[in-house]
Every structure is written in structure tokens, then in C-alpha cells.
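Take a look at the structure below.
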Amino acid sequence: MRHRPFLLLTTTLTTCALALSACGSRDPQKAGDAAGDAAGKTVVAIGVDAPLTGSVSAIGQGIKNSVDLAVRTANKYGEVKGITFKTVALDDQAVPGTGQQNAAKLAADKTVLGVVGPYNSGVAQSMQGIFAKSHLTQVSPANTNPALSLGDAWAKGDKKRPFPTYFRTATTDLVQGRFAAQYYYNESKKRRVFVVDDKQTYGMGLAAIFAQEFKHLGGQVVGTDHLTVKETDFSGIANKVKSSGADSVYFGGQYPEGGLLSDQVKKTGAHIPLMGGDGMYDPAFITASGESNDGDLVTSVGYPVEELHSARTFIKNYKKTGYKDPYASHGGYSYDAAWAIIQAIKKTVQDNDGKLPENPRPKIVEAMSDVYFGGVTGKVSFDEYGDTTNKQMTVYQVAGKIWKPIKSTTFEG
Amino acid sequence: MHELPQVLVSGIALGALYGLIAIGYTMVYGIVQLINFAHGEIVMIGAFGALTIHLWLPDTIPLAATLPLMLLGGVIASVTVAGAAERFAYRPLRNAPRLAPLITTIGLSIALQQIVWAFYPDAKKSRSFPQFGDAFQLAGNLRLQRDDLFVLIAAPLCMLALGIFVAKSRTGRAMQATAQDPDTARLMGINTDRIIVLAFAIGGAFAAVAAVAQGLRAGQINFEMGFVLGLKAFTAAVLGGIGNIYGAMLGGVLLGIGEIASVTYIQHIPGMHQLGGGGWKDVWAFAMLIAVLLVRPQGLLGERVADRA
């Protein structure tokens with residue numbers, strides 16, 4: 001009898017796993033061609049895949065709403081003649097497996113002609129192949145892992161675009177990590193950094209690029225460690241940071257863990273700043289990191305949306321539409337990502353005598369490489385790898401419970 | 001080795017927290033042989049109960065004064081949910097095959113998470129929890145967090161109270177009797193239903209204390225916090241010998257120290273650099289569990305239960 005509970009446990013866990021993997025494929029999928037609505041207009045959908053629930057849902061909701069705003073704007077002004085846009089938003093819960101199911105679902109829905117998302121680089125990895133097979137354009141507003149557009153061997157200088165359907169409006173960690181290292185070394189005069197990551201695709205990549213550049217500049221990495229996502233006790237790592245004598249911490253990861261780590265490092269009595277990437281740039285970082293987070297830093301892609309002339313209309317309309325959640329850190333990029341898809345569809349329609357071609361998806365992928373417009377975040381266009389040509393970066397610092405932009409610049413290497 | 005005192009202090013604080021939660025697993029298992037996988041969510045509910053009280057009270061009152069009320073709020077929330085779960089989800093299945101209630105616990109765990117996610121205001125992201133802030137600087141480099149102090153005081157007090165209650169009171173003896181043989185206990189006039197609800201309630205109360213401790217330590221709570229905590233505490237309960245209340249605390253403390261020590265020391269062992277650090281601490285925690293179970297399958301303080309059917 002003694003072994004019974006453990007047998008039960010295994011059985012149950014298996015059941016759970018089966019139940020979870022069955023979820024999400026249950027809904028009947030609406031196949032069929034783009035449906036026409038009453039006014040004779042063609043309805044096409046822009047898919048959204050983002051973490052709409054869970055600990056990073058603040059950002060995910062911002063992505064969804066911003067795409068929705070782009071779609072509303074396009075419909076309102078009749079951006080593409082004869083076409084009405086709608087959004088199909090799916091929740092990936094920041095889990096790669098769920099993202100993959102969503103990708104299959106979006107690919108099977110013939111009305112979907114482009115997808116904005118996902119948020120996490122790790123989720124993107126699981127989706128890319130499916131979209132490439134069905135020639136469906138994907139534009140991520142947030143993925144920063146270089147391998148997604150440059151291939152796995154990018155670090156050795158062998159850049160090869162793995163999936164022609166993948167684009168992004170966020171610049172990569174290759175830019176972000178090096179920019180952060182240069183800021184820490186040159187402007188904050190930090191010399192002894194302790195590097196922590198969260199073992200995820202995004203966090204590990206960013207931390208590695210940062211560490212490499214920091215050492216290259218002449219700084220010293222006095223220790224490295226990894227933490228586990230969703231854990232809350234990092235006191236072991238915090239103690240190590242303290243005893244290593246580091247003058248700064250760099251964290252590759254997201255704000256829930258980043259906030260806790262910052263707090264727990266400071267509680268050991270080490271009054272040193274923690275810096276992270278765009279995954280930490282969220283108001284929730286400040287609430288998560290307790291009392292003493294003044295001076296913590298993040299880098300984020302682009303210029304602060306609030307300060308961009310081009311973003312004023314976006315912010316005004318976002319407020320006017322009355323979304324429940326803020327546009328958060330990636331709203332501007334999501335709007336631009338959706339708008340890029342809309343522009344590609346517009347070109348495809350124009351090239352085909354004003355109506356949607358029989359099999360529009362491959363043509364839209366082609367049209368993406370020519371997209372060029374002034375977006376919320378500045379000039380939007382894509383290079384030969386599908387990466388944004390916009391390499392603007394900003395450093396933000398916590399000051400009095402808010403993120404204050406302290407340096408914005410265009411990264412030049 | 002100069003970090004050892006700090007490792008012990010951090011480890012014991014973390015371990016006491018695990019131990020408080022482990023009590024809930026161990027008591028319920030000891031009496032109805034059910035692993036209540038929704039117990040982590042009982043902790044989470046307790047944290048939100050305490051937060052609710054904190055939000056009701058004006059900010060001007062110092063935290064030390066509001067803490068007892070927050071504890072009370074947490075305990076009420078946790079005990080209510082734990083008791084209701086027993087009454088409405090587990091009791092109807094008590095005579096069903098063992099798999100049925102076990103799966104119910106997992107279903108309930110997901111349901112409770114989603115209920116808090118959907119209905120507690122703003123629970124879709126982390127909510128900040130009040131903190132005491134600064135730490136006490138003890139000898140040399142050793143620091144004691146004020147937030148840790150709470151769990152370091154609360155855990156032994158709770159244990160002591162529970163120990164006396166189970167050993168000395170009439171109800172406590174009835175609990176022991178029910179744990180030993182529920183059928184005979186019932187024949188002897190013990191209201192076993194009441195005893196079982198009580199076991200869930202005590203587990204819930206301890207969970208609420210742990211929830212407040214966790215909120216203070218982390219400075220934030222969220223609807224997903226119960227899962228990992230529950231799993232760790234379950235490990236602690238098995239490590240100490242499931243069914244034994246002192247074993248739960250011992251298992252918790254050993255697990256806590258083991259986790260923190262593995263983060264600090266393992267990477268200094270020659271050839272083990274890759275296997276140290278925060279990312280590996282769960283691996284070492286479970287390795288420790290397996291090592292103990294190989295030698296003592298019943299856990300450290302567990303009794304042989306072979307005579308029980």
C-alpha cells in the first residue's frame with residue numbers, strides 16, 4: 001500500500017499532461033476561403049499570439065489591444081479598398097507548446113493572412129516552422145533572440161535566415177546586449193558584474209551577449225548563475241552576489257523574476273543596481289521589486305513611445321478606444337507590426353487589380369520585404385533577414401516608482 | 001565557508017516556510033491517505049485573504065500592528081476553502097477508488113487558481129504585498145531579514161501548539177485514533193467526519209501562516225504562487241516521513257538548507273561547476289529526496305505503515 005500514492009501520482013501527472021495537450025485543438029476549425037460580408041467586402045483576419053494570461057499578461061494584453069487598434073484604424077479609413085480586417089487573438093500563456101498549437105490553428109484558418117506575435121523568443125521558435133510551411137507572414141513585436149532571424153550559427157558569423165516568413169519590429173539582443181554592456185561600462189563605470197539568467201531562450205541569449213561585450217570592453221564577470229522561472233526564492237543567488245563583491249548585476253529574463261531578484265539582492269545589503277533587457281521594462285517590475293529599486297536599469301528597443309512625435313496619435317487613440325489594459329512596453333511595436341502586414345496586404349491587392357488573389361499568403365510574404373512607412377516607433381522596414389532596420393535603443397532607470405528614460409540613441413556597433 | 005552562517009539562516013527560514021505548508025499534506029495524508037494537491041492553492045488563497053485585509057486597513061497603521069489581522073484574514077480564507085473543499089469535493093468521493101479524489105485535488109487546484117485569476121481584482125498580474133523592509137545586521141556579514149524573522153518565530157510556535165494539541169487534547173487523541181484506524185475509531189464513538197474536516201482546517205491555518213510569510217519574503221503574491229510552493233512542501237513532507245507532523249518540519253528545514261547550500265557550494269566542488277547554481281537547486285533537492293527514500297522509504301521520521309491495508 002505504501003507505494004500506492006506514488007503510483008497514483010505518476011498516473012495523475014500523465015493524465016494531466018494528456019489533458020493539457022488535448023486542450024486547444026478541440027475547437028472546430030473554420031476552414032474555407034476568405035468570407036465575404038454583406039457589403040461585398042472581403043473579411044481578412046490578422047492573427048495575434050501573445051501571453052494573454054499568466055505572469056507576463058500585462059505585456060500580452062498590450063500587444064493584443066494595439067493590434068486591434070491598428071485593425072480598427074485600417075477599417076475606419078478604408079486603408080485597403082474592399083477589405084475589412086478583423087483580429088483573431090490566441091493566448092500562448094508564454095508556453096512554447098501552446099504557441100505551437102496556436103500557430104497550427106492560425107495556419108489552418110484561411111482567413112488569417114498575417115500574424116502578430118509572439119512575445120517570447122522561446123515561443124517563436126516553436127511557431128516559425130509551422131508558419132513557414134503554410135507561407136503565413138509572422139511579425140513579432142517583441143522577440144529579440146538573434147537566432148530567430150539569423151540562424152543558430154549567427155554567433156560564429158554564419159548568418160542564414162532560417163524562415164522566410166519571419167519578421168520582427170523589435171531589434172535583436174545582438175544590439176540590446178551590447179548596448180547594455182557599453183552603457184554599464186562606459187557611462188555607469190561598472191567594472192565587476194554578476195550575470196544571472198533565467199534559462200529561457202531570451203534570457204540566456206541576452207545575458208551571454210551582454211557578458212561577452214562587457215568582457216570585451218575590459219570589465220570583469222565576477223560570477224554567473226541561473227534561476228528558475230516562477231520560483232520566488234532567490235536568496236541563495238542573492239547571497240552569492242553579495243559575497244562576490246560585484247558592483248552591479250545583469251539579469252537576462254523577465255520582470256517577475258527580475259523584480260524579485262533585485263529586491264533580494266538589495267536585502268542582502270549589497271546596494272548595487274540591477275540591469276536587464278526589454279523583458280524587464282514594465283511597470284510591474286517596479287511593484288515586484290519592493291522598496292529599494294531606485295537606480296535599477298533596463299534597456300528597451302526603440303525610443304520611449306511617449307516622447308515620439310509619431311506616437312502621439314497612437315497614444316491618443318489608444319486612450320480613446322478605452323482598452324482596459326495599458327499598451328505596455330510593446331504596444332507601439334505591435335501596432336507597427338500589424339500595420340506592416342496591412343501594408344503588405346494592400347500592395348498584394350493593388351498588384352492584383354484591386355482584389356485579393358486566389359492564394360494570397362506567399363504574395364504577402366514577398367510584399368513584406370518592400371514595406372516601408374513611418375510608424376509609431378519610427379521608420380518601419382525589414383532587412384534581408386526580416387529584422388527591423390530601426391536600431392534605436394533606450395536606457396530607462398527606476399526613479400521614484402516610475403521608469404525614466406535616461407538615454408536614447410541609435411546603436412551603431 | 002565564511003558564508004555558512006548566512007546559508008543556514010536563509011535555509012532555515014525557507015525551510016520553515018516549506019515545513020508549515022508540509023503540515024497540511026502530512027495531516028491530511030495521515031488521516032485519509034489522500035495527497036491534497038490543491039494544498040498549494042490553499043496557501044495562495046491565504047495570501048490573497050491576508051492581502052484583502054491589508055487593503056481594507058488604512059496605510060497609516062504600521063505593518064507590525066496590522067499583521068495579526070492579516071494573519072486572521074488569511075486563516076479565515078484558507079480554512080474556509082480547505083473545509084469547503086473537504087466537504088463538497090473530497091467527502092463525496094471518500095469511498096470511491098483512490099484515484100478519483102486524487103484527480104479531484106488536481107482539478108480543484110486548477111479551478112482555485114482560475115477563480116482567483118478571474119475574480120480577485122487585478123490578480124491577473126502580481127500584487128504587491130507589504131514588507132518590513134530592512135534587515136538586522138548580526139555578527140560580521142550575517143544578516144537576518146525582518147521578513148524572515150516572522151516565519152522563524154511563527155513556525156516553531158505553530159508546531160509547538162499543534163504538538164500539544166495532538167498529544168494532550170481530547171480532540172487530538174481522537175485524531176490519532178482516526179489516523180490509526182478510522183473504522184474502529186468510529187465504532188468507539190468518534191465523529192470521524194469532524195476529525196477529517198479538522199485536519200483540513202489545521203492544514204489550512206498553517207498554510208495561511210506560510211502564505212503571509214511568503215508574501216513578506218517575496219513582497220508580492222500572484223495566483224500561480226501555490227504550485228511550486230506546494231510541490232516543494234509535498235517533497236518536504238515525503239522527505240520527513242509523510243503522516244508525521246514533526247517529520248514535515250524536519251523535512252522542510254532540510255530541504256530549505258539543502259536548496260540554499262546547493263546554490264552556494266556545489267559549484268565549488270571540482271568538476272561540478274556546471275551543476276551548481278540556482279538553476280540546479282531543484283535537482284539537488286530531489287536528489288536529496290531520492291537518496292533519503294532509498295535508505296528510509298518511509299521518510300526520515302515516518303513509521304512503517306505496512307500493516308495498514
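To be explicit about the labels: the chains of the C-alpha cells are called A, B, and onward in the order shown, and within each one the residues are counted from 1, while ligands get numbers from 1 in the order they are shown.
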
Exercise: A:Arg72 partners within 10 Å, only C-alpha atoms, chain neighbours under 6 positions left out, as a compact mmCIF listing (two decimals) with C-alpha atoms, in the first residue's frame:
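Listing of around-v1.txt after writing:
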```
# COMPACT_ATOMS: atom_id res chain seq x y z
CA SER A 66 -2.52 47.55 -30.10
CA GLY A 78 -10.52 52.13 -45.62
CA THR A 84 -12.37 44.60 -43.86
CA PHE A 85 -9.89 43.48 -41.24
CA LYS A 86 -10.55 41.62 -38.03
CA THR A 87 -8.31 40.11 -35.37
CA THR A 321 -10.78 53.39 -27.51
```

Could you please select, counting only C-alpha atoms, the residues of chain B within 7 Å of chain A and state them as a PyMOL selection string? chain B and resi 10+99+103+124-126+128+134-135+143+218-220+228+260+263-264+277-279+305-306+309

As a ChimeraX atom specification, please: the residues near B:Ala205 (cut-off 6 Å, only C-alpha atoms, same-chain neighbours under 2 positions excluded). /B:75,79,202-203,207-208

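For the choices A:Val380, A:Ile63, A:Val395, A:Ala338, the atom-to-atom distance to A:Met280 is smallest for A:Val395 when using only C-alpha atoms.
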
Among stretch 51-187 of chain B, which ones does DSSP assign to strand (DSSP E or B) (computed from the backbone)? Answer as a list in words.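 The strand (DSSP E or B) subset of stretch 51-187 of chain B is Arg127, Ser128, Ala135, Phe136, Gln137, Arg143, Leu144 and Gln145 of chain B.
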
Store the residues of this selection in a file with C-alpha atoms, as a PDB file, in the first residue's frame.
```
ATOM      1  CA  ARG B 127       0.035  42.040  -6.451  1.00  0.00           C
ATOM      2  CA  SER B 128       2.483  43.668  -4.105  1.00  0.00           C
ATOM      3  CA  ALA B 135      17.394  43.603   7.694  1.00  0.00           C
ATOM      4  CA  PHE B 136      19.167  43.190  11.037  1.00  0.00           C
ATOM      5  CA  GLN B 137      22.921  43.188  10.691  1.00  0.00           C
ATOM      6  CA  ARG B 143      22.140  39.421   8.039  1.00  0.00           C
ATOM      7  CA  LEU B 144      18.693  38.465   9.231  1.00  0.00           C
ATOM      8  CA  GLN B 145      15.765  39.754   7.204  1.00  0.00           C
TER       9      GLN B 145
END
```
